[in-house]
file query-v6.cif (mmCIF, C-alpha atoms (C1' of nucleotides))
data_target
loop_
_atom_site.label_atom_id
_atom_site.label_comp_id
_atom_site.auth_asym_id
_atom_site.auth_seq_id
_atom_site.Cartn_x
_atom_site.Cartn_y
_atom_site.Cartn_z
CA MET A 1 162.23 25.99 52.91
CA LYS A 2 161.32 26.85 56.44
CA ARG A 3 159.28 24.71 58.75
CA ASN A 4 155.89 23.38 57.78
CA SER A 5 156.03 24.90 54.36
CA ARG A 6 155.12 21.51 52.99
CA LEU A 7 151.49 22.57 52.72
CA SER A 8 152.62 25.72 50.97
CA SER A 9 154.81 23.98 48.42
CA THR A 10 152.28 21.21 47.87
CA LEU A 11 149.63 23.79 47.04
CA HIS A 12 152.07 25.54 44.74
CA ILE A 13 152.58 22.31 42.83
CA LEU A 14 148.90 21.40 42.78
CA VAL A 15 147.78 24.75 41.40
CA HIS A 16 150.29 24.38 38.61
CA MET A 17 148.76 20.98 37.91
CA ALA A 18 145.28 22.48 37.98
CA GLU A 19 146.42 24.84 35.23
CA THR A 20 147.31 21.96 32.92
CA GLN A 21 144.62 19.41 33.58
CA GLU A 22 144.64 18.07 30.03
CA ARG A 23 147.89 16.20 30.49
CA ALA A 24 150.13 14.67 33.10
CA LEU A 25 153.14 16.65 34.28
CA THR A 26 156.41 14.96 35.14
CA SER A 27 158.16 15.55 38.42
CA GLU A 28 160.92 17.20 36.40
CA GLN A 29 158.50 19.75 34.93
CA LEU A 30 156.95 20.42 38.33
CA ALA A 31 160.42 20.78 39.82
CA THR A 32 161.27 23.58 37.41
CA PHE A 33 158.04 25.37 38.36
CA ILE A 34 158.96 25.55 42.01
CA HIS A 35 162.72 25.66 41.54
CA THR A 36 163.64 22.46 43.24
CA ASN A 37 164.56 18.84 42.57
CA PRO A 38 162.38 16.16 40.90
CA VAL A 39 162.93 13.79 43.80
CA VAL A 40 161.79 16.43 46.27
CA VAL A 41 158.63 16.89 44.21
CA ARG A 42 157.94 13.16 44.20
CA ARG A 43 158.46 12.93 47.93
CA THR A 44 156.24 15.93 48.53
CA ILE A 45 153.18 14.87 46.55
CA ALA A 46 153.49 11.08 46.79
CA GLY A 47 150.15 9.74 47.89
CA ILE A 48 148.45 13.11 47.42
CA VAL A 49 147.70 12.93 43.70
CA THR A 50 147.59 10.15 41.12
CA SER A 51 150.73 9.16 39.28
CA SER A 52 151.49 7.00 36.27
CA ARG A 53 154.79 5.56 35.19
CA GLY A 54 156.51 5.18 31.88
CA HIS A 55 156.33 7.09 28.67
CA GLY A 56 153.76 9.89 28.83
CA GLY A 57 153.38 9.33 32.53
CA GLY A 58 153.54 11.83 35.32
CA TRP A 59 151.19 13.42 37.84
CA GLN A 60 147.57 14.46 37.57
CA LEU A 61 144.82 15.64 39.86
CA GLY A 62 142.35 12.89 40.57
CA ARG A 63 139.35 15.24 40.44
CA ALA A 64 138.32 18.67 39.29
CA PRO A 65 140.00 21.52 41.21
CA GLU A 66 136.54 22.71 42.27
CA LYS A 67 136.12 19.46 44.20
CA ILE A 68 139.46 19.54 46.00
CA SER A 69 139.53 21.51 49.25
CA LEU A 70 142.58 22.66 51.13
CA ALA A 71 141.29 20.69 54.10
CA GLU A 72 141.67 17.44 52.17
CA ILE A 73 145.15 18.33 51.07
CA SER A 74 146.18 19.33 54.55
CA ALA A 75 144.76 16.08 55.94
CA ALA A 76 146.45 14.04 53.22
CA LEU A 77 149.80 15.46 54.25
CA GLY A 78 149.17 13.87 57.61
CA GLU A 79 150.67 16.72 59.58
CA THR A 80 149.06 18.68 62.34
CA LEU A 81 148.65 22.39 61.69
CA LEU A 82 149.46 23.09 65.33
CA PRO A 83 152.81 21.52 66.06
CA PHE A 84 152.64 21.64 69.82
CA GLY A 85 154.95 19.52 71.83
CA THR A 86 152.65 17.24 73.76
CA GLU A 87 154.94 14.35 74.52
CA PRO A 88 155.78 14.22 78.23
CA GLU A 89 159.35 15.12 79.02
CA SER A 90 159.09 14.84 82.77
CA PRO A 91 157.14 11.60 83.27
CA GLY A 92 155.26 11.65 86.52
CA CYS A 93 155.08 15.43 86.80
CA LEU A 94 151.44 16.25 87.40
CA VAL A 95 151.96 19.87 86.43
CA GLU A 96 153.21 18.81 83.04
CA GLN A 97 150.31 16.41 82.69
CA ALA A 98 147.85 19.22 83.36
CA VAL A 99 149.55 21.44 80.79
CA ILE A 100 149.61 18.71 78.16
CA ALA A 101 145.98 17.82 78.77
CA ALA A 102 144.90 21.44 78.35
CA LEU A 103 146.94 21.91 75.19
CA ASP A 104 145.67 18.64 73.76
CA ASP A 105 142.07 19.67 74.33
CA PHE A 106 142.82 22.99 72.75
CA ARG A 107 144.55 21.38 69.79
CA VAL A 108 141.68 19.03 69.04
CA ALA A 109 139.14 21.86 69.13
CA ALA A 110 141.39 24.18 67.19
CA GLU A 111 142.06 21.68 64.44
CA ARG A 112 138.35 21.17 63.98
CA LEU A 113 137.96 24.91 63.52
CA LEU A 114 140.86 25.13 61.11
CA ALA A 115 139.69 22.18 59.04
CA GLU A 116 136.29 23.79 58.76
CA LYS A 117 137.85 26.99 57.45
CA LEU A 118 140.15 25.17 55.03
CA SER A 119 137.28 23.09 53.69
CA ARG A 120 135.80 26.27 52.24
CA ILE A 121 138.80 26.95 50.01
CA THR A 122 139.35 24.87 46.87
CA LEU A 123 142.19 24.54 44.42
CA ALA A 124 139.91 26.26 41.92
CA ASP A 125 139.76 29.30 44.20
CA LEU A 126 143.52 29.54 44.17
CA ALA A 127 143.62 29.05 40.41
CA ALA A 128 141.05 31.84 39.99
CA ASP A 129 143.16 34.16 42.11
CA PHE A 130 146.14 33.28 39.98
CA HIS A 131 144.21 34.28 36.85
CA ARG A 132 143.13 37.53 38.45
CA ARG A 133 146.76 38.35 39.16
CA TYR A 134 147.72 37.34 35.66
CA GLU A 135 145.17 39.68 34.07
CA LEU A 136 146.27 42.46 36.39
CA ILE A 137 149.87 42.12 35.30
CA GLY A 138 148.78 42.06 31.68
CA VAL A 139 146.79 45.30 32.06
CA THR A 140 149.62 46.95 33.93
CA SER A 141 152.16 45.97 31.31
CA HIS A 142 149.87 47.30 28.61
CA ALA A 143 149.45 50.60 30.40
CA VAL A 144 153.20 50.98 30.71
CA MET B 1 162.20 19.09 72.86
CA LYS B 2 160.39 18.89 69.57
CA ARG B 3 159.29 21.80 67.50
CA ASN B 4 157.20 24.58 68.94
CA SER B 5 157.11 23.07 72.37
CA ARG B 6 158.18 26.43 73.71
CA LEU B 7 154.60 27.24 74.66
CA SER B 8 154.34 23.87 76.34
CA SER B 9 157.51 24.22 78.40
CA THR B 10 156.78 27.84 79.23
CA LEU B 11 153.40 26.85 80.63
CA HIS B 12 155.03 24.04 82.56
CA ILE B 13 157.39 26.52 84.18
CA LEU B 14 154.69 29.12 84.84
CA VAL B 15 152.34 26.69 86.55
CA HIS B 16 155.15 25.67 88.85
CA MET B 17 155.63 29.36 89.63
CA ALA B 18 151.91 29.74 90.24
CA GLU B 19 152.22 27.02 92.86
CA THR B 20 154.79 29.01 94.84
CA GLN B 21 153.63 32.58 94.51
CA GLU B 22 154.92 33.61 97.92
CA ARG B 23 158.54 33.65 96.84
CA ALA B 24 160.75 33.99 93.80
CA LEU B 25 162.13 30.84 92.21
CA THR B 26 165.59 30.74 90.70
CA SER B 27 166.22 29.50 87.19
CA GLU B 28 168.12 26.64 88.78
CA GLN B 29 165.08 25.54 90.78
CA LEU B 30 162.84 25.84 87.76
CA ALA B 31 165.35 23.90 85.69
CA THR B 32 165.15 20.92 88.05
CA PHE B 33 161.36 21.00 87.80
CA ILE B 34 161.41 20.54 84.06
CA HIS B 35 164.66 18.58 83.84
CA THR B 36 166.70 21.00 81.83
CA ASN B 37 169.37 23.66 82.15
CA PRO B 38 169.09 27.00 84.02
CA VAL B 39 170.21 28.92 80.96
CA VAL B 40 167.52 27.28 78.87
CA VAL B 41 164.96 28.33 81.47
CA ARG B 42 166.18 31.94 81.42
CA ARG B 43 166.08 32.04 77.66
CA THR B 44 162.61 30.54 77.61
CA ILE B 45 160.87 32.87 80.04
CA ALA B 46 162.94 36.03 79.57
CA GLY B 47 160.53 38.89 79.02
CA ILE B 48 157.53 36.75 79.94
CA VAL B 49 157.63 37.12 83.71
CA THR B 50 159.36 39.49 86.13
CA SER B 51 162.86 38.73 87.31
CA SER B 52 165.13 40.13 90.03
CA ARG B 53 168.84 39.71 90.40
CA GLY B 54 171.08 39.06 93.32
CA HIS B 55 170.57 37.37 96.62
CA GLY B 56 166.99 36.19 97.07
CA GLY B 57 166.28 37.01 93.47
CA GLY B 58 164.64 34.86 90.85
CA TRP B 59 161.43 34.75 88.88
CA GLN B 60 157.87 35.60 89.84
CA LEU B 61 154.52 35.99 88.15
CA GLY B 62 153.63 39.64 87.76
CA ARG B 63 149.93 39.05 88.49
CA ALA B 64 147.59 36.50 89.97
CA PRO B 65 147.29 33.28 87.93
CA GLU B 66 143.57 33.97 87.52
CA LYS B 67 144.45 37.09 85.54
CA ILE B 68 146.95 35.46 83.19
CA SER B 69 145.50 33.84 80.10
CA LEU B 70 147.23 31.44 77.77
CA ALA B 71 146.56 33.92 74.97
CA GLU B 72 148.80 36.49 76.65
CA ILE B 73 151.53 33.97 77.19
CA SER B 74 151.34 32.75 73.63
CA ALA B 75 151.45 36.33 72.35
CA ALA B 76 154.35 37.18 74.65
CA LEU B 77 156.35 34.35 73.12
CA GLY B 78 156.05 36.20 69.86
CA GLU B 79 155.64 33.07 67.79
CA THR B 80 152.86 32.22 65.44
CA LEU B 81 150.79 29.18 66.31
CA LEU B 82 150.59 28.30 62.63
CA PRO B 83 154.11 28.09 61.33
CA PHE B 84 153.32 28.22 57.63
CA GLY B 85 156.01 29.03 55.18
CA THR B 86 154.79 32.19 53.52
CA GLU B 87 158.02 33.66 52.26
CA PRO B 88 158.19 33.55 48.46
CA GLU B 89 160.72 31.09 47.11
CA SER B 90 159.99 31.64 43.44
CA PRO B 91 159.80 35.44 43.17
CA GLY B 92 157.62 36.47 40.29
CA CYS B 93 155.59 33.26 40.21
CA LEU B 94 151.95 34.33 40.28
CA VAL B 95 150.81 30.87 41.29
CA GLU B 96 152.97 31.02 44.37
CA GLN B 97 151.70 34.51 45.13
CA ALA B 98 148.11 33.29 45.00
CA VAL B 99 148.91 30.39 47.33
CA ILE B 100 150.74 32.62 49.79
CA ALA B 101 147.95 35.19 49.78
CA ALA B 102 145.34 32.53 50.53
CA LEU B 103 147.39 30.97 53.31
CA ASP B 104 148.13 34.38 54.81
CA ASP B 105 144.45 35.27 54.88
CA PHE B 106 143.72 31.94 56.45
CA ARG B 107 146.47 32.34 59.01
CA VAL B 108 145.29 35.77 60.14
CA ALA B 109 141.72 34.58 60.57
CA ALA B 110 142.80 31.35 62.22
CA GLU B 111 145.04 33.06 64.70
CA ARG B 112 142.22 35.33 65.75
CA LEU B 113 140.09 32.26 66.43
CA LEU B 114 142.86 30.52 68.32
CA ALA B 115 143.67 33.57 70.44
CA GLU B 116 140.01 33.82 71.36
CA LYS B 117 140.01 30.22 72.52
CA LEU B 118 143.26 30.58 74.44
CA SER B 119 142.05 33.74 76.15
CA ARG B 120 139.48 31.63 77.99
CA ILE B 121 142.10 29.49 79.71
CA THR B 122 144.11 30.91 82.61
CA LEU B 123 147.12 29.71 84.53
CA ALA B 124 144.76 29.23 87.46
CA ASP B 125 142.77 26.74 85.39
CA LEU B 126 145.89 24.69 84.79
CA ALA B 127 146.86 24.91 88.45
CA ALA B 128 143.37 23.73 89.43
CA ASP B 129 143.67 20.76 87.10
CA PHE B 130 147.04 19.98 88.64
CA HIS B 131 145.45 19.94 92.11
CA ARG B 132 142.67 17.70 90.86
CA ARG B 133 145.25 15.24 89.60
CA TYR B 134 147.18 15.53 92.82
CA GLU B 135 144.14 14.66 94.95
CA LEU B 136 143.35 11.78 92.63
CA ILE B 137 146.81 10.31 93.08
CA GLY B 138 146.53 10.78 96.84
CA VAL B 139 143.26 8.89 96.98
CA THR B 140 144.58 6.16 94.75
CA SER B 141 147.70 5.74 96.83
CA HIS B 142 145.58 5.56 99.97
CA ALA B 143 143.37 2.90 98.47
CA VAL B 144 146.41 0.82 97.56
"C1'" DA C 1 161.90 -7.65 22.16
"C1'" DA C 2 164.44 -3.36 22.75
"C1'" DG C 3 164.75 1.12 24.11
"C1'" DA C 4 163.10 5.31 26.18
"C1'" DC C 5 160.69 7.31 29.77
"C1'" DT C 6 159.03 8.03 34.57
"C1'" DC C 7 157.85 6.89 39.14
"C1'" DG C 8 159.43 4.88 43.76
"C1'" DT C 9 162.83 4.72 47.00
"C1'" DA C 10 167.19 4.09 49.34
"C1'" DA C 11 171.40 6.27 50.78
"C1'" DC C 12 174.13 9.98 51.44
"C1'" DT C 13 175.38 15.13 51.98
"C1'" DA C 14 174.45 19.84 53.27
"C1'" DA C 15 172.08 23.36 55.66
"C1'" DG C 16 169.39 25.22 59.16
"C1'" DT C 17 167.23 25.13 63.89
"C1'" DA C 18 167.05 24.57 68.69
"C1'" DA C 19 168.63 22.54 73.00
"C1'" DG C 20 172.36 22.00 75.92
"C1'" DT C 21 176.66 23.74 77.97
"C1'" DT C 22 180.36 26.80 79.55
"C1'" DA C 23 181.86 31.17 80.80
"C1'" DC C 24 181.59 35.64 82.40
"C1'" DA C 25 179.90 40.42 83.03
"C1'" DT C 26 176.24 42.93 85.57
"C1'" DG C 27 173.39 43.93 89.37
"C1'" DA C 28 171.61 43.25 94.22
"C1'" DA C 29 171.44 41.67 98.91
"C1'" DA C 30 173.72 40.13 103.24
"C1'" DT D 1 183.44 42.42 100.26
"C1'" DT D 2 181.34 38.25 99.43
"C1'" DT D 3 177.66 35.68 97.67
"C1'" DC D 4 173.96 34.92 94.75
"C1'" DA D 5 171.24 35.33 90.54
"C1'" DT D 6 170.12 37.19 86.08
"C1'" DG D 7 171.59 38.43 81.14
"C1'" DT D 8 174.02 37.04 77.35
"C1'" DA D 9 177.59 35.53 74.25
"C1'" DA D 10 179.89 31.62 72.21
"C1'" DC D 11 180.29 27.08 71.31
"C1'" DT D 12 178.78 22.04 70.87
"C1'" DT D 13 175.48 18.60 69.93
"C1'" DA D 14 171.27 16.58 68.15
"C1'" DC D 15 167.76 16.63 64.97
"C1'" DT D 16 165.12 17.73 60.91
"C1'" DT D 17 164.66 18.51 56.19
"C1'" DA D 18 166.08 19.83 51.56
"C1'" DG D 19 169.03 18.51 48.06
"C1'" DT D 20 171.49 14.98 45.35
"C1'" DT D 21 172.88 10.62 43.23
"C1'" DA D 22 171.78 6.14 41.93
"C1'" DC D 23 169.10 2.51 40.51
"C1'" DG D 24 165.18 -0.81 40.40
"C1'" DA D 25 160.49 -1.36 38.56
"C1'" DG D 26 156.72 -0.41 35.66
"C1'" DT D 27 154.84 1.40 31.04
"C1'" DC D 28 154.63 3.06 26.49
"C1'" DT D 29 156.51 3.35 21.64
"C1'" DT D 30 158.75 1.35 17.87
#
call {"tool": "encode", "arguments": {"input": "query-v6.cif", "output": "structure tokens"}}
result
Amino acid sequence: MKRNSRLSSTLHILVHMAETQERALTSEQLATFIHTNPVVVRRTIAGIVTSSRGHGGGWQLGRAPEKISLAEISAALGETLLPFGTEPESPGCLVEQAVIAALDDFRVAAERLLAEKLSRITLADLAADFHRRYELIGVTSHAV
Amino acid sequence: MKRNSRLSSTLHILVHMAETQERALTSEQLATFIHTNPVVVRRTIAGIVTSSRGHGGGWQLGRAPEKISLAEISAALGETLLPFGTEPESPGCLVEQAVIAALDDFRVAAERLLAEKLSRITLADLAADFHRRYELIGVTSHAV
DNA sequence: AAGACTCGTAACTAAGTAAGTTACATGAAA
DNA sequence: TTTCATGTAACTTACTTAGTTACGAGTCTT
């Protein structure tokens, strides 16, 4: 995994969950989907979706995929989409302060824009695109 | 330095250069400004601004600060502002492909928006803000 | 109540990234 | 020729994150 692919892998997991809404999926099952470790899965989606312990337990989406936007998911991850360095490294340098102030202003405005765009995409949209690709493969295979 | 603070430190260096346009600054001088190493400075701004070797050499802005936008600088760094992971990790997984496609579309659109915003900020703007802060400190010091 | 199952989490290892550092070849001016 | 400065390679160090192992705690079945 490269940097900030947490959103990417979280979405990957969540779309798989959207495909099997009827039942809970264990972190072990999800781990095989994305070729990683159950503990990594738990760490990744902890606090993002509902979980239940014990026999028959696992992970489930709290709501319908149509109601879950990428903006929510991104916000739930608690990471900024624009990982600028805005901590002063030369305290007292007014040039640095001017740079940081400008980038901070930019970041705040930019994140508002990005959140607005992400709020228009839902998990259901991704699931629909998955199905489109699935049908396409099916047709292709048939043709060949 | 934290992640993706290259834009931040590059701007820090460039505003210092904008303050001394009359002459070239050596990487050693710039390094003391931002409390780092001359080699790190050279690596950071190589290809971004003009350089000259030998006696009296150093680094200089190619144009007036009013003509240099943050969008150019960001583009010259050759890094994406949105460091999503969009390389497939589970080749053949259609769910992952759908996620990556959606994030790629989003990233392209988002970067266009961000570049548009950054193109409205110039190095001269940052330098002006620096001077504003400088005057403010001067007044404060006088008052105390 | 016992056993099986699963999350939650701590602790450690491994891998990758980027800054910092040293060293030196190349080019340019005095 | 000497001095100065970039360009760059090679190495070290620090940090972040994935991966792994282990185990406690909660929950369901029998």
call {"tool": "interface_residues", "arguments": {"input": "query-v6.cif", "of": "chain C", "to": "chain B", "cutoff": "9 Å", "atoms": "all atoms listed in the file", "output": "ChimeraX atom specification"}}
result
/C:18-21,27-30
call {"tool": "interface_residues", "arguments": {"input": "query-v6.cif", "of": "chain A", "to": "chain B", "cutoff": "7 Å", "atoms": "all atoms listed in the file", "output": "number ranges by chain"}}
result
A: 2-5, 8, 11-12, 15, 34-35, 81-85, 90, 94-96, 98-99, 110, 114, 126, 129-130, 133-134
call {"tool": "interface_residues", "arguments": {"input": "query-v6.cif", "of": "chain D", "to": "chain B", "cutoff": "10 Å", "atoms": "all atoms listed in the file", "output": "ChimeraX atom specification"}}
result
/D:3-8,15-16
call {"tool": "atom_distance", "arguments": {"input": "query-v6.cif", "atom1": "CA of Ile68 (chain A)", "atom2": "CA of Glu22 (chain A)"}}
result
16.9 Å
call {"tool": "atom_distance", "arguments": {"input": "query-v6.cif", "atom1": "C1' of DG16 (chain C)", "atom2": "C1' of DT17 (chain D)"}}
result
8.7 Å
call {"tool": "resolve_selection", "arguments": {"input": "query-v6.cif", "expression": "the PyMOL selection byres ((chain C and resi 14) around 8)", "output": "number ranges by chain"}}
result
C: 13, 15; D: 19
call {"tool": "closest_atom_pairs", "arguments": {"input": "query-v6.cif", "of": "chain D", "to": "region 2-5 of chain C", "cutoff": "10 Å", "atoms": "all atoms listed in the file", "output": "tab-separated table"}}
result
residue	atom	partner	partner_atom	distance
D:DT27	C1'	C:DC5	C1'	8.4
D:DC28	C1'	C:DC5	C1'	8.1
D:DT29	C1'	C:DA4	C1'	8.2
D:DT30	C1'	C:DG3	C1'	8.7
call {"tool": "atom_distance", "arguments": {"input": "query-v6.cif", "atom1": "CA of Met17 (chain B)", "atom2": "CA of Pro65 (chain B)"}}
result
9.4 Å
